[in-house]
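Undergrad: The following file, my_file32.cif, comprises mmCIF, N, CA and C atoms:
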```cif
data_final
#
loop_
_atom_site.label_atom_id
_atom_site.label_comp_id
_atom_site.auth_asym_id
_atom_site.auth_seq_id
_atom_site.Cartn_x
_atom_site.Cartn_y
_atom_site.Cartn_z
N MET A 955 0.83 -1.20 0.00
CA MET A 955 0.00 0.00 0.00
C MET A 955 0.86 1.25 0.00
N ALA A 956 0.29 2.31 -0.49
CA ALA A 956 0.98 3.59 -0.51
C ALA A 956 1.04 4.18 0.89
N LYS A 957 2.07 4.95 1.13
CA LYS A 957 2.20 5.65 2.41
C LYS A 957 1.94 7.13 2.17
N VAL A 958 1.39 7.76 3.20
CA VAL A 958 1.08 9.18 3.11
C VAL A 958 1.70 9.88 4.32
N LYS A 959 2.31 11.04 4.07
CA LYS A 959 2.90 11.85 5.13
C LYS A 959 1.92 12.97 5.45
N ILE A 960 1.54 13.09 6.71
CA ILE A 960 0.54 14.07 7.14
C ILE A 960 1.21 15.03 8.11
N THR A 961 1.11 16.34 7.82
CA THR A 961 1.68 17.37 8.68
C THR A 961 0.58 18.31 9.13
N GLN A 962 0.49 18.54 10.44
CA GLN A 962 -0.51 19.49 10.96
C GLN A 962 -0.02 20.90 10.71
N LYS A 963 -0.85 21.72 10.06
CA LYS A 963 -0.47 23.09 9.72
C LYS A 963 -1.26 24.14 10.48
N LYS A 964 -2.42 23.77 11.03
CA LYS A 964 -3.23 24.71 11.80
C LYS A 964 -3.59 24.06 13.13
N SER A 965 -3.90 24.90 14.09
CA SER A 965 -4.20 24.45 15.45
C SER A 965 -5.56 23.76 15.54
N GLY A 966 -5.66 22.84 16.49
CA GLY A 966 -6.92 22.17 16.77
C GLY A 966 -7.76 22.93 17.79
N ILE A 967 -7.22 24.03 18.31
CA ILE A 967 -7.96 24.84 19.29
C ILE A 967 -9.19 25.44 18.62
N ASP A 968 -10.29 25.45 19.34
CA ASP A 968 -11.56 26.02 18.87
C ASP A 968 -12.13 25.25 17.68
N ARG A 969 -11.87 23.95 17.63
CA ARG A 969 -12.45 23.08 16.61
C ARG A 969 -13.45 22.15 17.28
N SER A 970 -14.26 21.47 16.51
CA SER A 970 -15.25 20.55 17.08
C SER A 970 -14.55 19.34 17.71
N LYS A 971 -15.28 18.65 18.60
CA LYS A 971 -14.73 17.45 19.25
C LYS A 971 -14.34 16.41 18.21
N ARG A 972 -15.14 16.30 17.17
CA ARG A 972 -14.88 15.31 16.12
C ARG A 972 -13.55 15.59 15.41
N GLN A 973 -13.29 16.87 15.11
CA GLN A 973 -12.04 17.23 14.44
C GLN A 973 -10.85 17.01 15.36
N LYS A 974 -10.99 17.38 16.63
CA LYS A 974 -9.91 17.15 17.60
C LYS A 974 -9.63 15.66 17.74
N ALA A 975 -10.68 14.85 17.75
CA ALA A 975 -10.52 13.40 17.87
C ALA A 975 -9.81 12.83 16.64
N ASN A 976 -10.12 13.35 15.47
CA ASN A 976 -9.46 12.89 14.25
C ASN A 976 -7.98 13.23 14.27
N LEU A 977 -7.63 14.43 14.72
CA LEU A 977 -6.21 14.80 14.82
C LEU A 977 -5.49 13.86 15.77
N ALA A 978 -6.10 13.59 16.92
CA ALA A 978 -5.49 12.70 17.90
C ALA A 978 -5.36 11.28 17.35
N ALA A 979 -6.37 10.80 16.65
CA ALA A 979 -6.35 9.45 16.09
C ALA A 979 -5.28 9.31 15.01
N LEU A 980 -5.01 10.40 14.30
CA LEU A 980 -3.95 10.39 13.30
C LEU A 980 -2.57 10.46 13.95
N GLY A 981 -2.53 10.81 15.23
CA GLY A 981 -1.25 10.89 15.93
C GLY A 981 -0.64 12.27 15.90
N LEU A 982 -1.42 13.27 15.52
CA LEU A 982 -0.91 14.64 15.44
C LEU A 982 -1.12 15.34 16.78
N ARG A 983 -0.09 16.00 17.27
CA ARG A 983 -0.16 16.63 18.58
C ARG A 983 -0.08 18.14 18.53
N LYS A 984 0.76 18.68 17.64
CA LYS A 984 0.94 20.12 17.59
C LYS A 984 1.30 20.55 16.17
N ILE A 985 1.32 21.84 15.94
CA ILE A 985 1.60 22.38 14.62
C ILE A 985 3.00 21.95 14.17
N ASN A 986 3.11 21.60 12.90
CA ASN A 986 4.33 21.13 12.24
C ASN A 986 4.75 19.73 12.67
N HIS A 987 3.89 19.01 13.39
CA HIS A 987 4.17 17.60 13.72
C HIS A 987 3.79 16.76 12.51
N THR A 988 4.65 15.81 12.15
CA THR A 988 4.44 14.99 10.96
C THR A 988 4.38 13.52 11.33
N VAL A 989 3.44 12.80 10.73
CA VAL A 989 3.32 11.36 10.91
C VAL A 989 3.20 10.70 9.53
N VAL A 990 3.54 9.42 9.47
CA VAL A 990 3.43 8.66 8.23
C VAL A 990 2.49 7.48 8.49
N HIS A 991 1.50 7.30 7.61
CA HIS A 991 0.52 6.21 7.73
C HIS A 991 0.38 5.52 6.39
N GLU A 992 -0.08 4.27 6.44
CA GLU A 992 -0.51 3.58 5.22
C GLU A 992 -1.80 4.24 4.75
N LEU A 993 -1.95 4.43 3.47
CA LEU A 993 -3.14 5.09 2.94
C LEU A 993 -4.27 4.07 2.78
N THR A 994 -5.03 3.88 3.86
CA THR A 994 -6.19 3.00 3.85
C THR A 994 -7.44 3.87 3.71
N PRO A 995 -8.57 3.27 3.39
CA PRO A 995 -9.80 4.07 3.29
C PRO A 995 -10.14 4.78 4.60
N GLN A 996 -9.82 4.16 5.74
CA GLN A 996 -10.10 4.78 7.04
C GLN A 996 -9.25 6.03 7.24
N ILE A 997 -7.96 5.94 6.95
CA ILE A 997 -7.06 7.08 7.11
C ILE A 997 -7.44 8.17 6.13
N GLU A 998 -7.80 7.79 4.90
CA GLU A 998 -8.20 8.76 3.89
C GLU A 998 -9.43 9.56 4.35
N GLY A 999 -10.40 8.88 4.96
CA GLY A 999 -11.59 9.55 5.47
C GLY A 999 -11.25 10.50 6.60
N MET A 1000 -10.34 10.10 7.48
CA MET A 1000 -9.95 10.97 8.59
C MET A 1000 -9.23 12.22 8.07
N ILE A 1001 -8.42 12.05 7.04
CA ILE A 1001 -7.72 13.19 6.45
C ILE A 1001 -8.72 14.16 5.83
N LYS A 1002 -9.73 13.63 5.16
CA LYS A 1002 -10.74 14.50 4.53
C LYS A 1002 -11.48 15.35 5.55
N LYS A 1003 -11.73 14.79 6.75
CA LYS A 1003 -12.45 15.52 7.79
C LYS A 1003 -11.65 16.69 8.35
N VAL A 1004 -10.32 16.60 8.29
CA VAL A 1004 -9.49 17.68 8.83
C VAL A 1004 -8.54 18.24 7.77
N ALA A 1005 -8.96 18.17 6.51
CA ALA A 1005 -8.11 18.60 5.40
C ALA A 1005 -7.70 20.07 5.50
N HIS A 1006 -8.54 20.89 6.12
CA HIS A 1006 -8.23 22.31 6.26
C HIS A 1006 -7.20 22.57 7.35
N LEU A 1007 -6.86 21.55 8.14
CA LEU A 1007 -5.88 21.70 9.24
C LEU A 1007 -4.54 21.03 8.92
N VAL A 1008 -4.52 20.17 7.92
CA VAL A 1008 -3.32 19.38 7.64
C VAL A 1008 -2.87 19.55 6.19
N GLU A 1009 -1.64 19.11 5.96
CA GLU A 1009 -1.07 19.08 4.61
C GLU A 1009 -0.58 17.66 4.37
N THR A 1010 -0.88 17.10 3.22
CA THR A 1010 -0.51 15.72 2.94
C THR A 1010 0.42 15.64 1.72
N SER A 1011 1.24 14.61 1.73
CA SER A 1011 2.10 14.32 0.58
C SER A 1011 2.44 12.84 0.60
N GLU A 1012 2.89 12.31 -0.51
CA GLU A 1012 3.28 10.91 -0.57
C GLU A 1012 4.61 10.73 0.14
N ALA A 1013 4.72 9.65 0.88
CA ALA A 1013 5.96 9.40 1.62
C ALA A 1013 6.85 8.44 0.87
#
```
So that I can check it, write out the structure of this file as structure tokens.
TA:
Amino acid sequence: MAKVKITQKKSGIDRSKRQKANLAALGLRKINHTVVHELTPQIEGMIKKVAHLVETSEA
């Protein structure tokens, strides 16, 4: 499977509980923190929910 690199670019402060939970589930803790995940349908859906807070690229 393809890998995707996810970097948090905006703060989770003043966001809905669902968006904060998605950031935590992706493993993102603070701005400019980067994680690498396998690109599964579940991860892809989580990225779409917080797309305005993160930046993605192929790893």
Undergrad: Considering all atoms listed in the file, can you say which of A:Val990, A:Ala956, A:Leu982, A:Leu977 comes closest to Val1004 in chain A?
TA: A:Leu977
Undergrad: Near Lys959 in chain A, within 7 Å and counting all atoms listed in the file, which residues show up once chain neighbours fewer than 4 positions away are dropped, as a PDB file with N, CA and C atoms, in the coordinates of the input?
TA:
```pdb
ATOM      1  N   THR A 988       4.650  15.810  12.150  1.00  0.00           N
ATOM      2  CA  THR A 988       4.440  14.990  10.960  1.00  0.00           C
ATOM      3  C   THR A 988       4.380  13.520  11.330  1.00  0.00           C
ATOM      4  N   VAL A 989       3.440  12.800  10.730  1.00  0.00           N
ATOM      5  CA  VAL A 989       3.320  11.360  10.910  1.00  0.00           C
ATOM      6  C   VAL A 989       3.200  10.700   9.530  1.00  0.00           C
ATOM      7  N   VAL A 990       3.540   9.420   9.470  1.00  0.00           N
ATOM      8  CA  VAL A 990       3.430   8.660   8.230  1.00  0.00           C
ATOM      9  C   VAL A 990       2.490   7.480   8.490  1.00  0.00           C
ATOM     10  N   HIS A 991       1.500   7.300   7.610  1.00  0.00           N
ATOM     11  CA  HIS A 991       0.520   6.210   7.730  1.00  0.00           C
ATOM     12  C   HIS A 991       0.380   5.520   6.390  1.00  0.00           C
ATOM     13  N   GLU A1009      -1.640  19.110   5.960  1.00  0.00           N
ATOM     14  CA  GLU A1009      -1.070  19.080   4.610  1.00  0.00           C
ATOM     15  C   GLU A1009      -0.580  17.660   4.370  1.00  0.00           C
ATOM     16  N   THR A1010      -0.880  17.100   3.220  1.00  0.00           N
ATOM     17  CA  THR A1010      -0.510  15.720   2.940  1.00  0.00           C
ATOM     18  C   THR A1010       0.420  15.640   1.720  1.00  0.00           C
ATOM     19  N   SER A1011       1.240  14.610   1.730  1.00  0.00           N
ATOM     20  CA  SER A1011       2.100  14.320   0.580  1.00  0.00           C
ATOM     21  C   SER A1011       2.440  12.840   0.600  1.00  0.00           C
ATOM     22  N   GLU A1012       2.890  12.310  -0.510  1.00  0.00           N
ATOM     23  CA  GLU A1012       3.280  10.910  -0.570  1.00  0.00           C
ATOM     24  C   GLU A1012       4.610  10.730   0.140  1.00  0.00           C
ATOM     25  N   ALA A1013       4.720   9.650   0.880  1.00  0.00           N
ATOM     26  CA  ALA A1013       5.960   9.400   1.620  1.00  0.00           C
ATOM     27  C   ALA A1013       6.850   8.440   0.870  1.00  0.00           C
TER      28      ALA A1013
END
```
Undergrad: Using the chain letters and numbers from this file, what does the PyMOL selection byres (((chain A and resi 1006 and name CA) around 12) and name CA) select? Give the answer as a JSON list (two decimals) with N, CA and C atoms, in the coordinates of the input.
TA:
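Done, and the output landed in selection_3.json:
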```json
[["chain", "number", "residue", "atom", "x", "y", "z"],
["A", 961, "THR", "N", 1.11, 16.34, 7.82],
["A", 961, "THR", "CA", 1.68, 17.37, 8.68],
["A", 961, "THR", "C", 0.58, 18.31, 9.13],
["A", 962, "GLN", "N", 0.49, 18.54, 10.44],
["A", 962, "GLN", "CA", -0.51, 19.49, 10.96],
["A", 962, "GLN", "C", -0.02, 20.90, 10.71],
["A", 963, "LYS", "N", -0.85, 21.72, 10.06],
["A", 963, "LYS", "CA", -0.47, 23.09, 9.72],
["A", 963, "LYS", "C", -1.26, 24.14, 10.48],
["A", 964, "LYS", "N", -2.42, 23.77, 11.03],
["A", 964, "LYS", "CA", -3.23, 24.71, 11.80],
["A", 964, "LYS", "C", -3.59, 24.06, 13.13],
["A", 965, "SER", "N", -3.90, 24.90, 14.09],
["A", 965, "SER", "CA", -4.20, 24.45, 15.45],
["A", 965, "SER", "C", -5.56, 23.76, 15.54],
["A", 966, "GLY", "N", -5.66, 22.84, 16.49],
["A", 966, "GLY", "CA", -6.92, 22.17, 16.77],
["A", 966, "GLY", "C", -7.76, 22.93, 17.79],
["A", 969, "ARG", "N", -11.87, 23.95, 17.63],
["A", 969, "ARG", "CA", -12.45, 23.08, 16.61],
["A", 969, "ARG", "C", -13.45, 22.15, 17.28],
["A", 973, "GLN", "N", -13.29, 16.87, 15.11],
["A", 973, "GLN", "CA", -12.04, 17.23, 14.44],
["A", 973, "GLN", "C", -10.85, 17.01, 15.36],
["A", 977, "LEU", "N", -7.63, 14.43, 14.72],
["A", 977, "LEU", "CA", -6.21, 14.80, 14.82],
["A", 977, "LEU", "C", -5.49, 13.86, 15.77],
["A", 1000, "MET", "N", -10.34, 10.10, 7.48],
["A", 1000, "MET", "CA", -9.95, 10.97, 8.59],
["A", 1000, "MET", "C", -9.23, 12.22, 8.07],
["A", 1001, "ILE", "N", -8.42, 12.05, 7.04],
["A", 1001, "ILE", "CA", -7.72, 13.19, 6.45],
["A", 1001, "ILE", "C", -8.72, 14.16, 5.83],
["A", 1002, "LYS", "N", -9.73, 13.63, 5.16],
["A", 1002, "LYS", "CA", -10.74, 14.50, 4.53],
["A", 1002, "LYS", "C", -11.48, 15.35, 5.55],
["A", 1003, "LYS", "N", -11.73, 14.79, 6.75],
["A", 1003, "LYS", "CA", -12.45, 15.52, 7.79],
["A", 1003, "LYS", "C", -11.65, 16.69, 8.35],
["A", 1004, "VAL", "N", -10.32, 16.60, 8.29],
["A", 1004, "VAL", "CA", -9.49, 17.68, 8.83],
["A", 1004, "VAL", "C", -8.54, 18.24, 7.77],
["A", 1005, "ALA", "N", -8.96, 18.17, 6.51],
["A", 1005, "ALA", "CA", -8.11, 18.60, 5.40],
["A", 1005, "ALA", "C", -7.70, 20.07, 5.50],
["A", 1007, "LEU", "N", -6.86, 21.55, 8.14],
["A", 1007, "LEU", "CA", -5.88, 21.70, 9.24],
["A", 1007, "LEU", "C", -4.54, 21.03, 8.92],
["A", 1008, "VAL", "N", -4.52, 20.17, 7.92],
["A", 1008, "VAL", "CA", -3.32, 19.38, 7.64],
["A", 1008, "VAL", "C", -2.87, 19.55, 6.19],
["A", 1009, "GLU", "N", -1.64, 19.11, 5.96],
["A", 1009, "GLU", "CA", -1.07, 19.08, 4.61],
["A", 1009, "GLU", "C", -0.58, 17.66, 4.37],
["A", 1010, "THR", "N", -0.88, 17.10, 3.22],
["A", 1010, "THR", "CA", -0.51, 15.72, 2.94],
["A", 1010, "THR", "C", 0.42, 15.64, 1.72]]
```
Undergrad: Kindly give the distance, in Å, that separates CA of Gly999 in chain A and CA of Ile960 in chain A, rounded to a single decimal.
TA: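 Between these atoms lies a distance of 13.1 Å.
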Undergrad: Could you state the separation of atom C of Ala979 in chain A and atom C of Gln996 in chain A in Å, given to one decimal place?
TA: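 One can read the atom C of Ala979 in chain A to atom C of Gln996 in chain A distance as 9.3 Å.
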Undergrad: How many Å separate CA of Met955 in chain A from CA of Ile997 in chain A?
TA: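 Separating CA of Met955 in chain A from CA of Ile997 in chain A is a distance of 12.3 Å.
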Undergrad: Taking the chain letters and numbering used in this document, name the residues of chain A that DSSP puts in strand (DSSP E), as a PyMOL selection string.
TA: chain A and resi 957-962+988-992+1008-1012
Undergrad: Store the residues picked out above, limited to N, CA and C atoms, as a tab-separated table (two decimals), keeping the file's coordinate frame.
TA:
```
chain	number	residue	atom	x	y	z
A	957	LYS	N	2.07	4.95	1.13
A	957	LYS	CA	2.20	5.65	2.41
A	957	LYS	C	1.94	7.13	2.17
A	958	VAL	N	1.39	7.76	3.20
A	958	VAL	CA	1.08	9.18	3.11
A	958	VAL	C	1.70	9.88	4.32
A	959	LYS	N	2.31	11.04	4.07
A	959	LYS	CA	2.90	11.85	5.13
A	959	LYS	C	1.92	12.97	5.45
A	960	ILE	N	1.54	13.09	6.71
A	960	ILE	CA	0.54	14.07	7.14
A	960	ILE	C	1.21	15.03	8.11
A	961	THR	N	1.11	16.34	7.82
A	961	THR	CA	1.68	17.37	8.68
A	961	THR	C	0.58	18.31	9.13
A	962	GLN	N	0.49	18.54	10.44
A	962	GLN	CA	-0.51	19.49	10.96
A	962	GLN	C	-0.02	20.90	10.71
A	988	THR	N	4.65	15.81	12.15
A	988	THR	CA	4.44	14.99	10.96
A	988	THR	C	4.38	13.52	11.33
A	989	VAL	N	3.44	12.80	10.73
A	989	VAL	CA	3.32	11.36	10.91
A	989	VAL	C	3.20	10.70	9.53
A	990	VAL	N	3.54	9.42	9.47
A	990	VAL	CA	3.43	8.66	8.23
A	990	VAL	C	2.49	7.48	8.49
A	991	HIS	N	1.50	7.30	7.61
A	991	HIS	CA	0.52	6.21	7.73
A	991	HIS	C	0.38	5.52	6.39
A	992	GLU	N	-0.08	4.27	6.44
A	992	GLU	CA	-0.51	3.58	5.22
A	992	GLU	C	-1.80	4.24	4.75
A	1008	VAL	N	-4.52	20.17	7.92
A	1008	VAL	CA	-3.32	19.38	7.64
A	1008	VAL	C	-2.87	19.55	6.19
A	1009	GLU	N	-1.64	19.11	5.96
A	1009	GLU	CA	-1.07	19.08	4.61
A	1009	GLU	C	-0.58	17.66	4.37
A	1010	THR	N	-0.88	17.10	3.22
A	1010	THR	CA	-0.51	15.72	2.94
A	1010	THR	C	0.42	15.64	1.72
A	1011	SER	N	1.24	14.61	1.73
A	1011	SER	CA	2.10	14.32	0.58
A	1011	SER	C	2.44	12.84	0.60
A	1012	GLU	N	2.89	12.31	-0.51
A	1012	GLU	CA	3.28	10.91	-0.57
A	1012	GLU	C	4.61	10.73	0.14
```
Undergrad: Between A:Asp968, A:Val958, A:Gly981, A:Ala975, which has the minimum distance to Thr994 in chain A (counting only N, CA and C atoms)?
TA: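 Of A:Asp968, A:Val958, A:Gly981, A:Ala975, the one nearest Thr994 in chain A, counting only N, CA and C atoms, is A:Val958.
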Undergrad: Residues of chain A classed as helix (DSSP H, G or I) by DSSP on the backbone are to be reported as a list in words.
TA: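 Matching residues for helix (DSSP H, G or I) in chain A are Lys971, Arg972, Gln973, Lys974, Ala975, Asn976, Leu977, Ala978, Ala979, Leu980, Pro995, Gln996, Ile997, Glu998, Gly999, Met1000, Ile1001, Lys1002 and Lys1003 of chain A.
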